[in-house]
>>> print(open('protein.cif').read())   # mmCIF, C-alpha atoms and all ligand atoms
data_structure
loop_
_atom_site.group_PDB
_atom_site.id
_atom_site.type_symbol
_atom_site.label_atom_id
_atom_site.label_comp_id
_atom_site.auth_asym_id
_atom_site.auth_seq_id
_atom_site.Cartn_x
_atom_site.Cartn_y
_atom_site.Cartn_z
ATOM 1 C CA MET A 1 0.000 0.000 0.000
ATOM 2 C CA THR A 2 1.213 3.518 -0.751
ATOM 3 C CA LYS A 3 2.669 5.396 2.197
ATOM 4 C CA LEU A 4 2.147 9.140 1.801
ATOM 5 C CA THR A 5 4.241 11.487 3.911
ATOM 6 C CA ILE A 6 3.912 15.236 4.188
ATOM 7 C CA ILE A 7 7.169 17.119 4.555
ATOM 8 C CA VAL A 8 6.824 20.749 5.627
ATOM 9 C CA ALA A 9 8.498 23.569 7.523
ATOM 10 C CA PHE A 10 6.273 25.993 9.415
ATOM 11 C CA ASP A 11 6.720 28.832 11.903
ATOM 12 C CA SER A 12 5.105 29.334 15.308
ATOM 13 C CA LYS A 13 1.801 30.320 13.639
ATOM 14 C CA GLY A 14 1.822 27.585 11.014
ATOM 15 C CA GLY A 15 3.136 29.933 8.315
ATOM 16 C CA ILE A 16 4.868 28.230 5.377
ATOM 17 C CA GLY A 17 5.291 30.849 2.664
ATOM 18 C CA ILE A 18 5.228 34.463 1.588
ATOM 19 C CA ASN A 19 4.955 35.924 -1.928
ATOM 20 C CA ASN A 20 5.205 32.391 -3.330
ATOM 21 C CA SER A 21 8.568 31.731 -1.737
ATOM 22 C CA LEU A 22 9.972 30.400 1.543
ATOM 23 C CA PRO A 23 9.957 32.953 4.406
ATOM 24 C CA TRP A 24 13.330 31.820 5.805
ATOM 25 C CA ARG A 25 16.546 30.181 4.710
ATOM 26 C CA LEU A 26 17.485 27.305 6.970
ATOM 27 C CA SER A 27 20.225 25.301 5.278
ATOM 28 C CA GLU A 28 19.953 22.381 7.747
ATOM 29 C CA ASP A 29 16.322 21.972 6.682
ATOM 30 C CA LEU A 30 17.170 22.035 2.973
ATOM 31 C CA VAL A 31 19.844 19.368 3.541
ATOM 32 C CA ARG A 32 17.386 17.188 5.450
ATOM 33 C CA PHE A 33 14.705 17.694 2.783
ATOM 34 C CA LYS A 34 17.130 16.560 0.078
ATOM 35 C CA ARG A 35 18.310 13.539 2.077
ATOM 36 C CA ILE A 36 14.786 12.352 2.835
ATOM 37 C CA THR A 37 13.187 12.907 -0.582
ATOM 38 C CA THR A 38 16.023 11.854 -2.928
ATOM 39 C CA GLY A 39 15.125 8.725 -4.854
ATOM 40 C CA HIS A 40 11.385 9.136 -4.244
ATOM 41 C CA ALA A 41 8.376 10.718 -5.898
ATOM 42 C CA ILE A 42 7.536 14.235 -4.733
ATOM 43 C CA ILE A 43 4.055 15.640 -5.291
ATOM 44 C CA MET A 44 3.531 19.398 -5.343
ATOM 45 C CA GLY A 45 1.200 22.153 -6.463
ATOM 46 C CA ARG A 46 1.956 24.180 -9.577
ATOM 47 C CA LYS A 47 2.730 27.291 -7.490
ATOM 48 C CA THR A 48 5.324 25.450 -5.398
ATOM 49 C CA PHE A 49 6.917 24.021 -8.533
ATOM 50 C CA GLU A 50 7.142 27.505 -10.053
ATOM 51 C CA SER A 51 8.533 28.880 -6.809
ATOM 52 C CA ILE A 52 11.323 26.247 -6.917
ATOM 53 C CA GLY A 53 11.718 27.023 -10.617
ATOM 54 C CA ARG A 54 13.002 23.651 -11.821
ATOM 55 C CA PRO A 55 12.491 19.936 -11.263
ATOM 56 C CA LEU A 56 14.407 18.698 -8.226
ATOM 57 C CA PRO A 57 17.094 16.217 -9.348
ATOM 58 C CA GLN A 58 17.045 12.479 -8.569
ATOM 59 C CA ARG A 59 13.373 12.626 -7.722
ATOM 60 C CA ARG A 60 10.150 12.019 -9.633
ATOM 61 C CA ASN A 61 8.579 15.510 -9.807
ATOM 62 C CA ILE A 62 4.786 15.236 -9.966
ATOM 63 C CA VAL A 63 3.046 18.594 -10.369
ATOM 64 C CA LEU A 64 -0.667 19.248 -9.828
ATOM 65 C CA THR A 65 -2.428 21.841 -11.952
ATOM 66 C CA ARG A 66 -5.974 22.202 -13.266
ATOM 67 C CA ASN A 67 -4.559 23.768 -16.404
ATOM 68 C CA THR A 68 -4.520 20.975 -18.976
ATOM 69 C CA GLU A 69 -2.101 22.966 -21.183
ATOM 70 C CA TRP A 70 0.595 23.397 -18.508
ATOM 71 C CA GLN A 71 3.790 21.440 -18.874
ATOM 72 C CA HIS A 72 7.434 21.663 -17.933
ATOM 73 C CA GLN A 73 10.402 19.538 -18.872
ATOM 74 C CA GLY A 74 11.238 17.115 -16.087
ATOM 75 C CA ALA A 75 7.769 17.368 -14.481
ATOM 76 C CA GLU A 76 5.020 14.779 -14.647
ATOM 77 C CA VAL A 77 1.814 16.800 -14.791
ATOM 78 C CA VAL A 78 -1.508 15.659 -13.337
ATOM 79 C CA ASN A 79 -4.859 17.415 -13.121
ATOM 80 C CA SER A 80 -6.102 15.876 -9.852
ATOM 81 C CA LEU A 81 -4.777 14.387 -6.624
ATOM 82 C CA GLN A 82 -6.322 11.050 -7.585
ATOM 83 C CA ALA A 83 -4.330 11.102 -10.835
ATOM 84 C CA ALA A 84 -1.138 11.764 -8.832
ATOM 85 C CA LEU A 85 -1.870 8.761 -6.598
ATOM 86 C CA HIS A 86 -2.611 6.637 -9.640
ATOM 87 C CA LEU A 87 0.755 7.647 -11.121
ATOM 88 C CA ILE A 88 2.791 6.588 -8.080
ATOM 89 C CA ASP A 89 1.017 3.221 -8.148
ATOM 90 C CA ASN A 90 1.640 1.770 -4.678
ATOM 91 C CA THR A 91 5.084 3.341 -4.204
ATOM 92 C CA ASP A 92 5.819 5.676 -1.308
ATOM 93 C CA ALA A 93 5.747 9.400 -2.023
ATOM 94 C CA PHE A 94 6.227 12.761 -0.346
ATOM 95 C CA ILE A 95 3.747 15.621 -0.455
ATOM 96 C CA ILE A 96 5.957 18.710 -0.527
ATOM 97 C CA GLY A 97 3.358 21.507 -0.621
ATOM 98 C CA GLY A 98 2.170 24.132 -0.797
ATOM 99 C CA ALA A 99 -0.754 24.993 1.451
ATOM 100 C CA ASP A 100 -3.430 24.059 -1.072
ATOM 101 C CA ILE A 101 -1.955 20.601 -1.661
ATOM 102 C CA TYR A 102 -1.180 20.012 2.044
ATOM 103 C CA ALA A 103 -4.822 20.710 2.954
ATOM 104 C CA GLN A 104 -6.116 18.221 0.390
ATOM 105 C CA ALA A 105 -3.513 15.529 1.079
ATOM 106 C CA LEU A 106 -3.474 15.673 4.909
ATOM 107 C CA PRO A 107 -6.373 13.189 5.334
ATOM 108 C CA LEU A 108 -4.607 10.714 2.998
ATOM 109 C CA CYS A 109 -1.206 10.816 4.705
ATOM 110 C CA SER A 110 0.065 8.505 7.422
ATOM 111 C CA GLN A 111 3.117 10.508 8.481
ATOM 112 C CA LEU A 112 4.111 14.170 8.833
ATOM 113 C CA LEU A 113 7.734 15.292 8.867
ATOM 114 C CA VAL A 114 7.601 18.802 10.259
ATOM 115 C CA THR A 115 10.338 21.338 10.704
ATOM 116 C CA GLU A 116 9.084 23.706 13.384
ATOM 117 C CA ILE A 117 10.583 27.175 13.185
ATOM 118 C CA HIS A 118 10.311 28.619 16.683
ATOM 119 C CA GLN A 119 9.798 32.165 15.512
ATOM 120 C CA ASP A 120 6.871 34.278 14.288
ATOM 121 C CA VAL A 121 7.829 35.070 10.684
ATOM 122 C CA ALA A 122 5.748 37.182 8.238
ATOM 123 C CA CYS A 123 3.786 34.662 6.110
ATOM 124 C CA ASP A 124 0.768 34.709 3.785
ATOM 125 C CA THR A 125 0.329 30.921 3.404
ATOM 126 C CA PHE A 126 -0.369 28.477 6.236
ATOM 127 C CA PHE A 127 -0.311 24.756 7.061
ATOM 128 C CA PRO A 128 -3.643 23.326 8.245
ATOM 129 C CA HIS A 129 -4.196 22.617 11.952
ATOM 130 C CA ILE A 130 -2.687 19.304 13.107
ATOM 131 C CA ASP A 131 -5.512 17.769 15.108
ATOM 132 C CA PRO A 132 -4.066 15.893 18.131
ATOM 133 C CA ALA A 133 -7.071 13.562 17.968
ATOM 134 C CA HIS A 134 -5.717 12.269 14.660
ATOM 135 C CA TRP A 135 -1.973 12.759 14.960
ATOM 136 C CA ARG A 136 0.496 11.514 17.569
ATOM 137 C CA GLU A 137 3.896 13.145 18.008
ATOM 138 C CA LYS A 138 6.426 10.326 17.780
ATOM 139 C CA GLU A 139 9.815 12.031 17.735
ATOM 140 C CA ARG A 140 11.228 15.514 18.327
ATOM 141 C CA THR A 141 14.746 16.901 18.174
ATOM 142 C CA THR A 142 15.428 20.580 18.817
ATOM 143 C CA TYR A 143 18.348 22.613 17.495
ATOM 144 C CA TYR A 144 19.526 26.211 17.415
ATOM 145 C CA SER A 145 20.296 27.999 14.147
ATOM 146 C CA GLU A 146 23.248 30.293 14.669
ATOM 147 C CA GLN A 147 22.648 31.775 11.222
ATOM 148 C CA ASN A 148 19.003 32.673 11.954
ATOM 149 C CA LYS A 149 19.157 33.093 15.741
ATOM 150 C CA PHE A 150 16.138 30.874 16.335
ATOM 151 C CA ASN A 151 15.416 27.394 17.607
ATOM 152 C CA TYR A 152 13.933 24.829 15.276
ATOM 153 C CA ALA A 153 12.808 21.247 15.722
ATOM 154 C CA PHE A 154 12.437 18.217 13.495
ATOM 155 C CA VAL A 155 9.187 16.572 14.539
ATOM 156 C CA THR A 156 7.606 13.332 13.310
ATOM 157 C CA TYR A 157 3.859 12.730 13.607
ATOM 158 C CA GLN A 158 2.113 9.406 12.980
ATOM 159 C CA LYS A 159 -1.540 9.135 12.054
ATOM 160 C CA ILE A 160 -3.654 7.628 14.851
ATOM 161 C CA HIS A 161 -5.657 4.842 13.240
ATOM 162 C CA SER A 162 -9.082 4.388 14.759
ATOM 163 C CA LEU A 163 -9.974 0.821 15.718
ATOM 164 C CA SER A 164 -13.519 1.053 14.359
HETATM 165 N N1 LIG A 201 7.498 25.856 4.196
HETATM 166 C C1 LIG A 201 7.301 24.789 3.419
HETATM 167 O O1 LIG A 201 7.591 23.646 3.815
HETATM 168 C C2 LIG A 201 6.723 24.962 2.042
HETATM 169 C C3 LIG A 201 6.641 23.880 1.168
HETATM 170 C C4 LIG A 201 6.089 24.084 -0.091
HETATM 171 C C5 LIG A 201 5.618 25.331 -0.444
HETATM 172 N N2 LIG A 201 5.707 26.361 0.417
HETATM 173 C C6 LIG A 201 5.186 27.687 0.097
HETATM 174 O O2 LIG A 201 3.776 27.579 -0.147
HETATM 175 C C7 LIG A 201 3.376 28.600 -1.037
HETATM 176 C C8 LIG A 201 2.610 27.994 -2.195
HETATM 177 O O3 LIG A 201 1.442 27.347 -1.692
HETATM 178 P P1 LIG A 201 0.002 27.561 -2.363
HETATM 179 O O4 LIG A 201 -1.032 26.951 -1.465
HETATM 180 O O5 LIG A 201 -0.137 29.010 -2.723
HETATM 181 O O6 LIG A 201 0.127 26.784 -3.762
HETATM 182 P P2 LIG A 201 0.422 25.246 -4.124
HETATM 183 O O7 LIG A 201 -0.321 24.344 -3.183
HETATM 184 O O8 LIG A 201 1.875 25.038 -4.297
HETATM 185 O O9 LIG A 201 -0.204 25.176 -5.581
HETATM 186 C C9 LIG A 201 -1.571 25.448 -5.763
HETATM 187 C C10 LIG A 201 -1.918 25.078 -7.206
HETATM 188 O O10 LIG A 201 -1.927 23.658 -7.364
HETATM 189 C C11 LIG A 201 -2.917 23.302 -8.298
HETATM 190 N N3 LIG A 201 -3.887 22.438 -7.620
HETATM 191 C C12 LIG A 201 -4.309 22.498 -6.329
HETATM 192 N N4 LIG A 201 -5.183 21.510 -6.064
HETATM 193 C C13 LIG A 201 -5.321 20.823 -7.221
HETATM 194 C C14 LIG A 201 -6.090 19.682 -7.584
HETATM 195 N N5 LIG A 201 -6.890 19.059 -6.700
HETATM 196 N N6 LIG A 201 -6.026 19.245 -8.856
HETATM 197 C C15 LIG A 201 -5.214 19.848 -9.756
HETATM 198 N N7 LIG A 201 -4.452 20.926 -9.475
HETATM 199 C C16 LIG A 201 -4.506 21.399 -8.213
HETATM 200 C C17 LIG A 201 -3.533 24.596 -8.810
HETATM 201 O O11 LIG A 201 -2.727 24.979 -9.925
HETATM 202 P P3 LIG A 201 -3.302 25.830 -11.162
HETATM 203 O O12 LIG A 201 -3.584 27.195 -10.617
HETATM 204 O O13 LIG A 201 -2.186 25.803 -12.149
HETATM 205 O O14 LIG A 201 -4.544 25.100 -11.628
HETATM 206 C C18 LIG A 201 -3.314 25.527 -7.649
HETATM 207 O O15 LIG A 201 -3.329 26.890 -8.013
HETATM 208 C C19 LIG A 201 4.670 29.299 -1.475
HETATM 209 O O16 LIG A 201 4.879 30.442 -0.667
HETATM 210 C C20 LIG A 201 5.743 28.263 -1.180
HETATM 211 O O17 LIG A 201 7.021 28.843 -0.971
HETATM 212 C C21 LIG A 201 6.256 26.204 1.659
#
>>> encode(input="protein.cif", output="structure tokens")
Amino acid sequence: MTKLTIIVAFDSKGGIGINNSLPWRLSEDLVRFKRITTGHAIIMGRKTFESIGRPLPQRRNIVLTRNTEWQHQGAEVVNSLQAALHLIDNTDAFIIGGADIYAQALPLCSQLLVTEIHQDVACDTFFPHIDPAHWREKERTTYYSEQNKFNYAFVTYQKIHSLS
């Protein structure tokens, strides 16, 4: 069965983006993102793809858009989330954003890999609420970024499966 994992970095108010870009530059997070996603399929919205500006190497780049004309070299384009899931065909994949795609994919995911930025940063795009009734925090490691002068934490959440 496909295992879908969300990977996201958000600030103390759940902010993930501003002006279609990342609100911070945390190199440790970029390194971790690359290490975790390399060799796997990554599923993203068209705005996130355009914000990155190119397909990410050594990964299957699956881009969601409702525009049936849109295409980009190195991207596999789909017009619905169902079509993206069909494409990955039982392999594991990472949902890499942005807010629109996170909100739609959250109910389908079994794991969240969150980078918490312990700072209130100006943002215009937000991650949905993580409901503790549905998600259990499994692991947390906190660090300090000398470059940014803030703490950040890598946090893993597992979906709580109901017994009914
Ligand atoms: N901090 C983080 O971890 C992180 C990660 C990723 C992104 N971001 C940030 O998030 C922001 C972008 O997020 P966003 O919510 O504005 O955009 P987004 O989720 O990246 O992309 C939204 C677009 O995806 C397409 N789409 C959405 N649902 C679809 C569906 N069901 N079927 C087909 N296409 C669908 C539509 O494209 P069309 O308009 O082409 O139809 C829609 O406009 C940026 O600021 C980015 O930097 C942050």
>>> residues_near_ligand(input="protein.cif", ligand="ligand LIG 201 (chain A)", cutoff="7 Å", atoms="only C-alpha atoms and all ligand atoms", output="MDAnalysis selection string")
chainID A and resid 7:10 16:22 44:49 51 64:67 78:81 96:102 125
>>> closest_atom_pairs(input="protein.cif", of="region 27-68 of chain A", to="region 133-150 of chain A", cutoff="12 Å", atoms="all atoms listed in the file", output="CSV")
residue,atom,partner,partner_atom,distance
A:Ser27,CA,A:Gln147,CA,9.1
A:Glu28,CA,A:Ser145,CA,8.5
A:Asp29,CA,A:Ser145,CA,10.4
>>> closest_residue(input="protein.cif", among="A:Arg54, A:Ile43, A:Asn151, A:Ala105", to="Ala84 (chain A)", atoms="only C-alpha atoms")
A:Ile43
>>> closest_residue(input="protein.cif", among="A:Ala83, A:Cys123, A:Ala41, A:Ile117", to="Tyr152 (chain A)", atoms="all atoms listed in the file")
A:Ile117
>>> axis_aligned_box(input="protein.cif", around="region 114-117 of chain A", padding_each_side="5 Å", output="JSON")
{"center_x": 9.1, "center_y": 23.0, "center_z": 11.8, "size_x": 13.0, "size_y": 18.4, "size_z": 13.1}
>>> closest_residue(input="protein.cif", among="A:Val77, A:Val114, A:Leu26, A:Ile88", to="Ile130 (chain A)", atoms="only C-alpha atoms")
A:Val114
